[in-house]
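Novice: Here you go, work.cif (mmCIF, C-alpha atoms):
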```
data_start
#
loop_
_atom_site.label_atom_id
_atom_site.label_comp_id
_atom_site.auth_asym_id
_atom_site.auth_seq_id
_atom_site.Cartn_x
_atom_site.Cartn_y
_atom_site.Cartn_z
CA MET A 1 33.29 -7.40 2.08
CA ILE A 2 36.84 -6.33 1.18
CA ASP A 3 39.64 -5.18 3.42
CA LYS A 4 41.63 -1.93 2.98
CA LYS A 5 43.94 -3.59 0.48
CA GLY A 6 41.02 -4.81 -1.63
CA ASN A 7 41.24 -8.46 -0.59
CA ILE A 8 37.88 -10.22 -0.38
CA ILE A 9 37.00 -11.36 3.14
CA LYS A 10 35.01 -14.61 3.23
CA PRO A 11 32.49 -15.05 6.02
CA ASP A 12 32.76 -17.55 8.91
CA PHE A 13 30.85 -20.46 7.36
CA VAL A 14 30.20 -22.24 10.67
CA GLU A 15 28.51 -19.10 11.97
CA LEU A 16 26.67 -18.50 8.68
CA THR A 17 25.34 -22.08 8.81
CA ARG A 18 23.93 -21.46 12.31
CA TYR A 19 22.39 -18.16 11.23
CA ALA A 20 20.82 -19.50 8.01
CA LYS A 21 19.40 -22.56 9.79
CA GLN A 22 17.71 -20.34 12.34
CA PHE A 23 16.32 -18.03 9.61
CA SER A 24 14.84 -20.93 7.64
CA GLY A 25 13.75 -23.23 10.47
CA LEU A 26 16.05 -26.01 9.25
CA THR A 27 16.35 -28.41 12.19
CA THR A 28 18.20 -31.74 12.53
CA GLU A 29 14.77 -33.42 12.53
CA LYS A 30 13.96 -31.90 9.13
CA GLU A 31 17.38 -32.88 7.75
CA ASN A 32 16.66 -36.46 8.84
CA VAL A 33 13.29 -36.38 7.04
CA LEU A 34 15.06 -35.48 3.79
CA LEU A 35 17.72 -38.17 4.22
CA SER A 36 15.09 -40.82 4.93
CA ILE A 37 13.45 -40.44 1.49
CA LYS A 38 16.51 -39.97 -0.73
CA GLU A 39 16.19 -43.36 -2.48
CA GLU A 40 12.49 -42.89 -3.21
CA VAL A 41 12.73 -39.37 -4.61
CA ALA A 42 16.00 -39.80 -6.55
CA PRO A 43 14.36 -41.33 -9.69
CA LEU A 44 12.00 -38.32 -9.93
CA LEU A 45 14.58 -35.54 -9.63
CA GLY A 46 15.48 -35.63 -13.34
CA ALA A 47 11.92 -34.54 -14.12
CA VAL A 48 12.14 -31.80 -11.48
CA THR A 49 15.21 -30.38 -13.23
CA ASP A 50 13.72 -30.79 -16.73
CA ASN A 51 10.45 -29.07 -15.78
CA PHE A 52 12.30 -26.26 -14.03
CA TYR A 53 14.40 -25.41 -17.08
CA HIS A 54 11.38 -25.79 -19.35
CA THR A 55 9.53 -23.15 -17.29
CA MET A 56 12.58 -20.88 -17.09
CA ASN A 57 13.08 -21.06 -20.82
CA ASP A 58 9.54 -19.74 -21.34
CA ILE A 59 10.40 -16.57 -19.37
CA PRO A 60 11.94 -14.11 -21.86
CA GLU A 61 14.00 -12.36 -19.14
CA ALA A 62 15.52 -15.69 -18.04
CA ALA A 63 15.90 -17.37 -21.44
CA SER A 64 18.74 -15.07 -22.51
CA PHE A 65 20.86 -16.29 -19.57
CA LEU A 66 20.28 -19.92 -20.55
CA GLU A 67 21.00 -19.84 -24.28
CA GLY A 68 23.49 -22.51 -25.28
CA ARG A 69 24.14 -23.53 -21.67
CA ILE A 70 21.12 -25.62 -20.71
CA THR A 71 22.74 -29.09 -20.94
CA GLY A 72 25.58 -28.17 -18.57
CA LEU A 73 23.33 -26.26 -16.22
CA LYS A 74 20.89 -29.18 -16.02
CA GLN A 75 23.61 -31.57 -14.88
CA THR A 76 24.78 -29.16 -12.15
CA HIS A 77 21.18 -28.62 -11.11
CA LEU A 78 20.42 -32.34 -10.89
CA ASN A 79 23.50 -32.86 -8.70
CA TRP A 80 22.24 -30.08 -6.44
CA MET A 81 18.73 -31.59 -6.27
CA ASN A 82 20.26 -34.90 -5.17
CA SER A 83 22.36 -33.15 -2.53
CA ILE A 84 19.17 -31.66 -1.01
CA PHE A 85 18.23 -35.22 0.03
CA THR A 86 21.68 -36.46 0.98
CA GLY A 87 23.02 -33.54 3.01
CA PRO A 88 24.88 -32.90 5.18
CA TYR A 89 23.81 -29.29 5.79
CA ASP A 90 27.17 -28.32 7.24
CA GLU A 91 29.66 -25.52 6.61
CA THR A 92 30.89 -27.22 3.41
CA TYR A 93 27.36 -27.10 1.93
CA THR A 94 27.00 -23.50 3.11
CA GLU A 95 30.29 -22.52 1.45
CA SER A 96 29.25 -24.16 -1.83
CA MET A 97 25.88 -22.34 -1.81
CA TYR A 98 27.65 -19.08 -0.99
CA ASN A 99 29.91 -19.60 -4.00
CA VAL A 100 26.89 -20.36 -6.22
CA GLY A 101 25.37 -17.05 -5.11
CA ASP A 102 28.66 -15.32 -5.84
CA ILE A 103 28.77 -16.74 -9.38
CA HIS A 104 25.20 -15.53 -9.95
CA VAL A 105 26.21 -12.01 -8.94
CA ARG A 106 29.28 -12.01 -11.17
CA VAL A 107 27.23 -12.91 -14.28
CA ASN A 108 24.93 -10.00 -13.35
CA LEU A 109 21.95 -12.19 -12.60
CA PRO A 110 19.26 -10.07 -10.94
CA VAL A 111 18.81 -11.03 -7.25
CA GLU A 112 15.10 -11.80 -7.73
CA PHE A 113 16.03 -14.60 -10.20
CA MET A 114 17.28 -16.63 -7.23
CA SER A 115 14.05 -16.28 -5.25
CA GLY A 116 11.92 -16.91 -8.36
CA GLY A 117 14.00 -19.98 -9.19
CA ILE A 118 13.58 -21.41 -5.68
CA THR A 119 9.79 -20.89 -5.88
CA LEU A 120 9.60 -22.76 -9.19
CA ILE A 121 11.78 -25.62 -7.88
CA CYS A 122 9.63 -25.88 -4.72
CA ASN A 123 6.53 -26.16 -6.92
CA GLU A 124 8.17 -29.21 -8.52
CA LEU A 125 9.43 -30.77 -5.26
CA TYR A 126 5.98 -30.46 -3.68
CA ARG A 127 4.47 -32.09 -6.79
CA ILE A 128 6.64 -35.21 -6.44
CA THR A 129 6.08 -35.25 -2.65
CA PHE A 130 2.31 -35.45 -3.10
CA ASP A 131 2.72 -37.92 -5.97
CA ILE A 132 4.63 -40.36 -3.73
CA TYR A 133 3.27 -39.70 -0.24
CA GLY A 134 -0.05 -37.87 -0.77
CA ASN A 135 -2.06 -40.53 1.05
CA ASN A 136 0.01 -40.17 4.21
CA PRO A 137 -0.71 -36.62 5.49
CA VAL A 138 1.68 -36.81 8.46
CA LYS A 139 4.60 -37.82 6.23
CA THR A 140 3.62 -35.35 3.49
CA GLN A 141 3.52 -32.50 5.99
CA SER A 142 6.95 -33.37 7.41
CA ILE A 143 8.46 -33.47 3.89
CA VAL A 144 6.83 -30.20 2.74
CA ASN A 145 8.18 -28.47 5.86
CA ALA A 146 11.64 -29.98 5.40
CA VAL A 147 11.82 -29.06 1.69
CA ASN A 148 10.65 -25.51 2.42
CA SER A 149 13.33 -25.04 5.08
CA ALA A 150 16.12 -26.69 3.07
CA MET A 151 15.39 -24.62 -0.04
CA GLY A 152 14.94 -21.51 2.11
CA PHE A 153 18.30 -22.22 3.77
CA SER A 154 20.00 -22.48 0.36
CA LEU A 155 18.39 -19.26 -0.90
CA PHE A 156 19.32 -17.42 2.28
CA VAL A 157 23.01 -18.31 1.91
CA MET A 158 23.06 -17.48 -1.82
CA GLN A 159 21.53 -14.09 -1.10
CA LYS A 160 23.92 -13.45 1.78
CA SER A 161 26.66 -13.68 -0.83
CA TYR A 162 24.75 -11.23 -3.05
CA HIS A 163 24.50 -8.72 -0.24
CA ALA A 164 28.24 -9.08 0.48
CA SER A 165 29.01 -8.47 -3.19
CA VAL A 166 26.97 -5.28 -3.22
CA ASP A 167 28.86 -4.04 -0.15
CA GLU A 168 32.07 -4.99 -1.93
CA ALA A 169 31.12 -2.89 -4.98
CA LEU A 170 30.48 0.12 -2.75
CA ASP A 171 33.76 -0.42 -0.89
CA LYS A 172 35.58 -0.58 -4.23
CA PHE A 173 33.90 2.61 -5.37
CA LEU A 174 35.10 4.39 -2.24
CA LEU A 175 38.63 3.05 -2.66
CA ILE A 176 38.73 4.06 -6.35
CA THR A 177 37.47 7.57 -5.72
CA GLY A 178 39.25 8.03 -2.38
CA MET A 179 35.94 9.23 -0.93
CA SER A 180 35.04 8.45 2.69
CA LYS A 181 31.87 6.46 3.38
CA ALA A 182 30.56 9.31 5.54
CA LEU A 183 31.02 11.81 2.71
CA PHE A 184 29.36 9.50 0.19
CA GLU A 185 26.37 8.99 2.47
CA LYS A 186 26.07 12.73 3.03
CA LEU A 187 26.24 13.51 -0.70
CA SER A 188 23.87 10.68 -1.47
CA SER A 189 21.22 11.88 0.97
CA THR A 190 21.55 15.51 -0.17
CA PHE A 191 21.24 14.29 -3.71
CA SER A 192 18.03 12.37 -3.13
CA THR A 193 16.28 15.32 -1.51
CA THR A 194 17.32 18.08 -3.90
CA ASN A 195 18.00 16.26 -7.20
CA PHE A 196 20.92 18.61 -7.86
CA MET B 1 16.58 3.32 -11.48
CA ILE B 2 17.00 7.08 -11.68
CA ASP B 3 17.02 9.35 -14.70
CA LYS B 4 19.77 11.86 -15.55
CA LYS B 5 18.24 14.46 -13.27
CA GLY B 6 18.15 12.05 -10.33
CA ASN B 7 14.38 11.40 -10.42
CA ILE B 8 13.40 7.86 -9.44
CA ILE B 9 11.78 5.92 -12.28
CA LYS B 10 9.10 3.48 -11.12
CA PRO B 11 8.64 0.28 -13.12
CA ASP B 12 5.62 -0.61 -15.25
CA PHE B 13 3.58 -2.48 -12.63
CA VAL B 14 1.33 -4.22 -15.16
CA GLU B 15 4.40 -5.68 -16.86
CA LEU B 16 6.08 -6.49 -13.51
CA THR B 17 2.92 -8.36 -12.43
CA ARG B 18 3.08 -10.51 -15.58
CA TYR B 19 6.80 -11.18 -15.10
CA ALA B 20 6.54 -12.05 -11.38
CA LYS B 21 3.53 -14.35 -11.96
CA GLN B 22 5.48 -16.27 -14.59
CA PHE B 23 8.56 -16.53 -12.31
CA SER B 24 6.52 -17.89 -9.39
CA GLY B 25 3.97 -20.00 -11.24
CA LEU B 26 1.08 -17.94 -9.87
CA THR B 27 -1.90 -18.79 -12.09
CA THR B 28 -5.53 -17.65 -11.94
CA GLU B 29 -6.40 -21.17 -10.78
CA LYS B 30 -4.06 -20.84 -7.79
CA GLU B 31 -5.42 -17.38 -6.96
CA ASN B 32 -8.92 -18.89 -6.91
CA VAL B 33 -7.74 -21.65 -4.52
CA LEU B 34 -6.56 -18.97 -2.06
CA LEU B 35 -9.79 -16.96 -2.34
CA SER B 36 -11.91 -20.08 -1.78
CA ILE B 37 -10.45 -20.70 1.72
CA LYS B 38 -10.19 -17.14 3.03
CA GLU B 39 -12.99 -17.52 5.64
CA GLU B 40 -11.59 -20.79 6.99
CA VAL B 41 -7.98 -19.63 7.35
CA ALA B 42 -8.69 -16.09 8.61
CA PRO B 43 -9.13 -17.08 12.31
CA LEU B 44 -5.70 -18.81 12.26
CA LEU B 45 -3.68 -15.98 10.70
CA GLY B 46 -3.18 -14.19 14.03
CA ALA B 47 -1.20 -17.21 15.25
CA VAL B 48 0.81 -17.24 11.99
CA THR B 49 1.86 -13.64 12.63
CA ASP B 50 2.54 -14.21 16.35
CA ASN B 51 4.68 -17.31 15.72
CA PHE B 52 6.60 -15.56 12.93
CA TYR B 53 7.61 -12.62 15.15
CA HIS B 54 8.37 -14.99 18.02
CA THR B 55 10.85 -16.87 15.80
CA MET B 56 12.32 -13.65 14.38
CA ASN B 57 12.82 -12.24 17.85
CA ASP B 58 14.95 -15.27 18.75
CA ILE B 59 17.39 -14.47 15.90
CA PRO B 60 19.91 -11.96 17.27
CA GLU B 61 20.57 -10.43 13.81
CA ALA B 62 16.83 -9.79 13.32
CA ALA B 63 15.87 -8.82 16.88
CA SER B 64 17.68 -5.47 16.69
CA PHE B 65 15.44 -4.40 13.79
CA LEU B 66 12.31 -5.28 15.76
CA GLU B 67 13.01 -3.63 19.11
CA GLY B 68 10.14 -1.41 20.22
CA ARG B 69 8.27 -1.88 16.94
CA ILE B 70 6.70 -5.34 17.20
CA THR B 71 3.12 -4.27 17.97
CA GLY B 72 2.88 -2.04 14.92
CA LEU B 73 4.69 -4.50 12.67
CA LYS B 74 2.39 -7.33 13.73
CA GLN B 75 -0.73 -5.40 12.70
CA THR B 76 0.74 -4.61 9.27
CA HIS B 77 1.82 -8.23 8.90
CA LEU B 78 -1.61 -9.60 9.82
CA ASN B 79 -3.24 -7.31 7.25
CA TRP B 80 -0.80 -8.64 4.66
CA MET B 81 -1.51 -12.27 5.64
CA ASN B 82 -5.23 -11.62 5.13
CA SER B 83 -4.58 -10.03 1.74
CA ILE B 84 -2.79 -13.22 0.61
CA PHE B 85 -6.19 -14.95 0.73
CA THR B 86 -8.33 -12.10 -0.57
CA GLY B 87 -6.29 -10.88 -3.53
CA PRO B 88 -6.53 -9.60 -6.12
CA TYR B 89 -2.99 -10.18 -7.40
CA ASP B 90 -3.09 -7.21 -9.71
CA GLU B 91 -0.81 -4.23 -10.38
CA THR B 92 -2.03 -2.51 -7.19
CA TYR B 93 -0.85 -5.46 -5.07
CA THR B 94 2.43 -5.53 -7.03
CA GLU B 95 3.00 -1.83 -6.42
CA SER B 96 2.35 -2.23 -2.69
CA MET B 97 4.82 -5.16 -2.44
CA TYR B 98 7.37 -3.16 -4.46
CA ASN B 99 7.02 -0.31 -1.96
CA VAL B 100 7.41 -2.73 0.97
CA GLY B 101 10.67 -3.95 -0.59
CA ASP B 102 11.77 -0.37 -1.06
CA ILE B 103 11.14 0.45 2.62
CA HIS B 104 13.19 -2.63 3.61
CA VAL B 105 16.11 -1.36 1.52
CA ARG B 106 15.91 2.14 2.96
CA VAL B 107 16.16 0.86 6.56
CA ASN B 108 19.24 -1.12 5.44
CA LEU B 109 17.61 -4.50 5.93
CA PRO B 110 19.86 -7.18 4.39
CA VAL B 111 18.25 -8.68 1.25
CA GLU B 112 18.44 -12.22 2.70
CA PHE B 113 16.10 -11.15 5.55
CA MET B 114 13.27 -11.04 3.00
CA SER B 115 13.88 -14.59 1.72
CA GLY B 116 14.39 -15.91 5.28
CA GLY B 117 11.19 -14.21 6.40
CA ILE B 118 9.18 -15.74 3.55
CA THR B 119 10.53 -19.21 4.40
CA LEU B 120 9.49 -18.83 8.05
CA ILE B 121 6.03 -17.55 7.08
CA CYS B 122 5.55 -20.44 4.63
CA ASN B 123 6.41 -22.89 7.44
CA GLU B 124 3.50 -21.38 9.39
CA LEU B 125 1.06 -21.27 6.46
CA TYR B 126 1.76 -24.93 5.61
CA ARG B 127 1.20 -25.82 9.28
CA ILE B 128 -2.32 -24.33 9.30
CA THR B 129 -3.04 -25.83 5.85
CA PHE B 130 -2.32 -29.35 7.13
CA ASP B 131 -4.17 -28.62 10.39
CA ILE B 132 -7.35 -27.75 8.51
CA TYR B 133 -7.17 -29.84 5.33
CA GLY B 134 -4.60 -32.59 6.06
CA ASN B 135 -7.09 -35.38 5.46
CA ASN B 136 -7.87 -34.17 1.94
CA PRO B 137 -4.60 -34.63 -0.03
CA VAL B 138 -5.93 -33.14 -3.28
CA LYS B 139 -7.06 -29.96 -1.55
CA THR B 140 -3.92 -29.78 0.61
CA GLN B 141 -1.70 -30.07 -2.46
CA SER B 142 -3.57 -27.32 -4.30
CA ILE B 143 -3.25 -24.99 -1.27
CA VAL B 144 0.46 -25.71 -0.68
CA ASN B 145 1.15 -24.96 -4.35
CA ALA B 146 -0.93 -21.79 -4.27
CA VAL B 147 0.69 -20.51 -1.04
CA ASN B 148 4.19 -21.26 -2.40
CA SER B 149 3.48 -19.32 -5.61
CA ALA B 150 1.74 -16.40 -3.87
CA MET B 151 4.53 -15.96 -1.32
CA GLY B 152 7.14 -16.45 -4.05
CA PHE B 153 5.39 -13.80 -6.16
CA SER B 154 5.49 -11.36 -3.22
CA LEU B 155 9.18 -12.04 -2.52
CA PHE B 156 10.06 -11.68 -6.20
CA VAL B 157 8.48 -8.21 -6.40
CA MET B 158 10.06 -7.07 -3.12
CA GLN B 159 13.47 -8.16 -4.33
CA LYS B 160 12.95 -6.53 -7.72
CA SER B 161 12.69 -3.29 -5.78
CA TYR B 162 15.88 -4.16 -3.91
CA HIS B 163 17.74 -4.69 -7.16
CA ALA B 164 16.43 -1.40 -8.55
CA SER B 165 17.60 0.41 -5.40
CA VAL B 166 21.09 -1.00 -5.75
CA ASP B 167 21.20 0.22 -9.35
CA GLU B 168 19.96 3.56 -8.11
CA ALA B 169 22.81 3.79 -5.57
CA LEU B 170 25.34 3.10 -8.32
CA ASP B 171 23.72 5.65 -10.62
CA LYS B 172 23.85 8.20 -7.81
CA PHE B 173 27.50 7.46 -7.19
CA LEU B 174 28.28 8.07 -10.86
CA LEU B 175 26.32 11.33 -10.86
CA ILE B 176 28.03 12.53 -7.67
CA THR B 177 31.53 11.74 -8.89
CA GLY B 178 30.88 12.65 -12.53
CA MET B 179 32.43 9.32 -13.52
CA SER B 180 31.12 7.42 -16.54
CA LYS B 181 29.78 3.90 -16.01
CA ALA B 182 32.34 2.56 -18.51
CA LEU B 183 35.23 4.14 -16.58
CA PHE B 184 33.90 2.82 -13.27
CA GLU B 185 33.60 -0.69 -14.67
CA LYS B 186 37.12 -0.50 -16.10
CA LEU B 187 38.60 0.76 -12.80
CA SER B 188 36.58 -1.78 -10.86
CA SER B 189 37.81 -4.73 -12.92
CA THR B 190 41.45 -3.54 -12.80
CA PHE B 191 41.04 -3.15 -9.09
CA SER B 192 39.82 -6.67 -8.49
CA THR B 193 42.68 -8.26 -10.44
CA THR B 194 45.57 -6.20 -9.07
CA ASN B 195 44.38 -5.00 -5.63
CA PHE B 196 46.08 -1.66 -6.22
#
```
Show me the file's structure as structure tokens.

Specialist:
Amino acid sequence: MIDKKGNIIKPDFVELTRYAKQFSGLTTEKENVLLSIKEEVAPLLGAVTDNFYHTMNDIPEAASFLEGRITGLKQTHLNWMNSIFTGPYDETYTESMYNVGDIHVRVNLPVEFMSGGITLICNELYRITFDIYGNNPVKTQSIVNAVNSAMGFSLFVMQKSYHASVDEALDKFLLITGMSKALFEKLSSTFSTTNF
Amino acid sequence: MIDKKGNIIKPDFVELTRYAKQFSGLTTEKENVLLSIKEEVAPLLGAVTDNFYHTMNDIPEAASFLEGRITGLKQTHLNWMNSIFTGPYDETYTESMYNVGDIHVRVNLPVEFMSGGITLICNELYRITFDIYGNNPVKTQSIVNAVNSAMGFSLFVMQKSYHASVDEALDKFLLITGMSKALFEKLSSTFSTTNF
């Protein structure tokens, strides 16, 4: 969102953290599950990152965004993967995820890339979970649930930023044209019914 | 997207199916895993739907969208949950998910609601997976992977529709104002650096 002078208003990250935790089921118990396995999963996270970018690079629509940037992106990604198991899931983490979402919007990355990316990363994280803990169903279940909520939390915050950026674009449009929001909405609805 | 006369252009659903399957890792093998357990999971899907709406109703930001509509929404949701295990994941399914995304946009549902919703539903689907198959790690792993990809596929398509609707709003704005896209982008970038 932007104010009347065009300054970008950042959200309240403490409140956004509460909201995103509720919408992803990320509890303190699940955070503790992730922290408790950080040493055991750390050596496998390099392969998670490598496999993720290998899959992405096979998708023509994604490959063009990666060209010439994979080495740098992989390092950032690996740091992020480690942070999933070290936490803390506080307002600082939320702000960093919000900024990642914002960067994705500014390079015109389609919003569905973020959800697709999270799905592919979860595929990898579940693979290593079953590789290490598959014979302990209680532990495996607690990790799968914790990973799902932590990755869901991250996606939620990134997409919150996307939504804010879309609102911002509309606000800018109204400021540039001097049109009121009410008038735009009226014209827009007339337009979609009559195709003038 | 809309054409120059304001008519909405639907995507090629065969191509979108291919693209979304690649971006979620949804393979024929995974589809077959889901089909193979449809009878066993079906009796538990009512609880998945009930628990999902119970959680959503506790989130103040979501509750206002649900008021007075839960009974109808639950039936639609339960039908969808069943279809996750019956397939087929073809262009007809893709088109229906695209239309669901489109409806979400038109009622002004924030885009992050869709990703949050999928995370909460996955929490529930993993719960019943471990309840039924927890003692068989190979089977449990194959189901978790298949559910993650199938739900990721559905989210990807819904959000593709969201992205298209945002483009559509911008296109409409340009048609209404008679402004060229190049001029808008120029004004928009000047605006964000000078806050005029």

Novice: Residue by residue, what does the PyMOL selection byres ((chain B and resi 61) around 12) grab here? Present the result as a PyMOL selection string.

Specialist: (chain A and resi 15-16+18-20+22-23) or (chain B and resi 55-60+62-67+109-110+112-113+116)

Novice: Store the residues of this selection in a file with C-alpha atoms, as a PDB file, keeping the file's coordinate frame.

Specialist:
```pdb
ATOM      1  CA  GLU A  15      28.510 -19.100  11.970  1.00  0.00           C
ATOM      2  CA  LEU A  16      26.670 -18.500   8.680  1.00  0.00           C
ATOM      3  CA  ARG A  18      23.930 -21.460  12.310  1.00  0.00           C
ATOM      4  CA  TYR A  19      22.390 -18.160  11.230  1.00  0.00           C
ATOM      5  CA  ALA A  20      20.820 -19.500   8.010  1.00  0.00           C
ATOM      6  CA  GLN A  22      17.710 -20.340  12.340  1.00  0.00           C
ATOM      7  CA  PHE A  23      16.320 -18.030   9.610  1.00  0.00           C
TER       8      PHE A  23
ATOM      9  CA  THR B  55      10.850 -16.870  15.800  1.00  0.00           C
ATOM     10  CA  MET B  56      12.320 -13.650  14.380  1.00  0.00           C
ATOM     11  CA  ASN B  57      12.820 -12.240  17.850  1.00  0.00           C
ATOM     12  CA  ASP B  58      14.950 -15.270  18.750  1.00  0.00           C
ATOM     13  CA  ILE B  59      17.390 -14.470  15.900  1.00  0.00           C
ATOM     14  CA  PRO B  60      19.910 -11.960  17.270  1.00  0.00           C
ATOM     15  CA  ALA B  62      16.830  -9.790  13.320  1.00  0.00           C
ATOM     16  CA  ALA B  63      15.870  -8.820  16.880  1.00  0.00           C
ATOM     17  CA  SER B  64      17.680  -5.470  16.690  1.00  0.00           C
ATOM     18  CA  PHE B  65      15.440  -4.400  13.790  1.00  0.00           C
ATOM     19  CA  LEU B  66      12.310  -5.280  15.760  1.00  0.00           C
ATOM     20  CA  GLU B  67      13.010  -3.630  19.110  1.00  0.00           C
ATOM     21  CA  LEU B 109      17.610  -4.500   5.930  1.00  0.00           C
ATOM     22  CA  PRO B 110      19.860  -7.180   4.390  1.00  0.00           C
ATOM     23  CA  GLU B 112      18.440 -12.220   2.700  1.00  0.00           C
ATOM     24  CA  PHE B 113      16.100 -11.150   5.550  1.00  0.00           C
ATOM     25  CA  GLY B 116      14.390 -15.910   5.280  1.00  0.00           C
TER      26      GLY B 116
END
```

Novice: Can you build me a table of chain B residues sitting at most 6 Å from chain A, with the closest atom pair per residue and its distance in Å to one decimal, using only C-alpha atoms, sorted by chain and residue number, as CSV?

Specialist:
```
residue,atom,partner,partner_atom,distance
B:Gly6,CA,A:Asn195,CA,5.2
B:Phe23,CA,A:Gly116,CA,5.2
B:Ser24,CA,A:Gly116,CA,5.6
B:Glu112,CA,A:Gln159,CA,5.2
B:Gly116,CA,A:Phe23,CA,5.2
B:Thr119,CA,A:Gly152,CA,5.5
B:Leu120,CA,A:Ser24,CA,5.8
B:Gly134,CA,A:Pro137,CA,5.6
B:Pro137,CA,A:Gly134,CA,5.6
B:Gly152,CA,A:Thr119,CA,5.5
B:Phe156,CA,A:Glu112,CA,5.3
B:Gln159,CA,A:Glu112,CA,5.2
B:Lys160,CA,A:Glu112,CA,5.7
B:Asn195,CA,A:Gly6,CA,5.2
```

Novice: On this structure, the PyMOL selection byres ((chain A and resi 37-46) around 7) would catch which residues? List them as a PyMOL selection string, sorted by chain and number.

Specialist: chain A and resi 33-36+47-50+78+81-82+85-86

Novice: What separation in Å, quoted to one decimal, exists between CA of Val14 (chain A) and CA of Trp80 (chain A)?

Specialist: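 Computing it gives 20.4 Å between the two atoms.
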
Novice: One decimal, in Å: what's the spacing between CA of Tyr89 (chain A) and CA of Thr28 (chain A)?

Specialist: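 Separation of CA of Tyr89 (chain A) and CA of Thr28 (chain A): 9.1 Å.
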
Novice: Keeping C-alpha atoms, write region 70-121 of chain B of the structure just shown out as a short mmCIF file (atom, residue, chain, number, x, y, z; two decimals), in the first residue's frame.

Specialist:
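Output file decode-v3.cif is given in full below:
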```cif
data_model
loop_
_atom_site.label_atom_id
_atom_site.label_comp_id
_atom_site.auth_asym_id
_atom_site.auth_seq_id
_atom_site.Cartn_x
_atom_site.Cartn_y
_atom_site.Cartn_z
CA ILE B 70 -20.26 -22.35 5.48
CA THR B 71 -22.81 -25.10 4.77
CA GLY B 72 -22.70 -24.54 1.02
CA LEU B 73 -18.93 -24.06 0.95
CA LYS B 74 -18.39 -27.29 2.89
CA GLN B 75 -20.32 -29.35 0.33
CA THR B 76 -18.32 -27.88 -2.56
CA HIS B 77 -15.11 -28.45 -0.62
CA LEU B 78 -15.94 -32.08 0.15
CA ASN B 79 -16.67 -32.72 -3.52
CA TRP B 80 -13.28 -31.23 -4.37
CA MET B 81 -11.52 -33.35 -1.72
CA ASN B 82 -13.07 -36.47 -3.26
CA SER B 83 -11.97 -35.40 -6.74
CA ILE B 84 -8.35 -35.18 -5.51
CA PHE B 85 -8.44 -38.99 -5.17
CA THR B 86 -10.52 -39.79 -8.24
CA GLY B 87 -8.89 -37.59 -10.87
CA PRO B 88 -8.37 -37.41 -13.72
CA TYR B 89 -5.88 -34.52 -13.69
CA ASP B 90 -6.69 -33.48 -17.22
CA GLU B 91 -7.59 -30.20 -18.94
CA THR B 92 -11.16 -30.40 -17.57
CA TYR B 93 -9.85 -30.46 -13.98
CA THR B 94 -7.43 -27.64 -14.83
CA GLU B 95 -10.24 -25.52 -16.27
CA SER B 96 -12.39 -26.07 -13.18
CA MET B 97 -9.51 -25.07 -10.84
CA TYR B 98 -8.81 -22.02 -13.04
CA ASN B 99 -12.46 -21.00 -12.68
CA VAL B 100 -12.31 -21.51 -8.89
CA GLY B 101 -9.30 -19.16 -8.79
CA ASP B 102 -11.19 -16.67 -10.93
CA ILE B 103 -14.17 -16.70 -8.54
CA HIS B 104 -11.79 -16.09 -5.62
CA VAL B 105 -10.38 -13.03 -7.39
CA ARG B 106 -13.81 -11.65 -8.20
CA VAL B 107 -14.93 -11.77 -4.54
CA ASN B 108 -11.70 -9.88 -3.70
CA LEU B 109 -10.17 -12.75 -1.78
CA PRO B 110 -6.51 -11.93 -1.07
CA VAL B 111 -4.17 -14.19 -3.11
CA GLU B 112 -2.42 -15.44 0.06
CA PHE B 113 -5.73 -16.95 1.28
CA MET B 114 -5.36 -19.60 -1.43
CA SER B 115 -1.84 -20.62 -0.37
CA GLY B 116 -2.79 -20.53 3.34
CA GLY B 117 -5.87 -22.63 2.63
CA ILE B 118 -3.83 -25.26 0.76
CA THR B 119 -1.34 -25.46 3.65
CA LEU B 120 -4.15 -26.04 6.16
CA ILE B 121 -5.79 -28.68 3.95
#
```
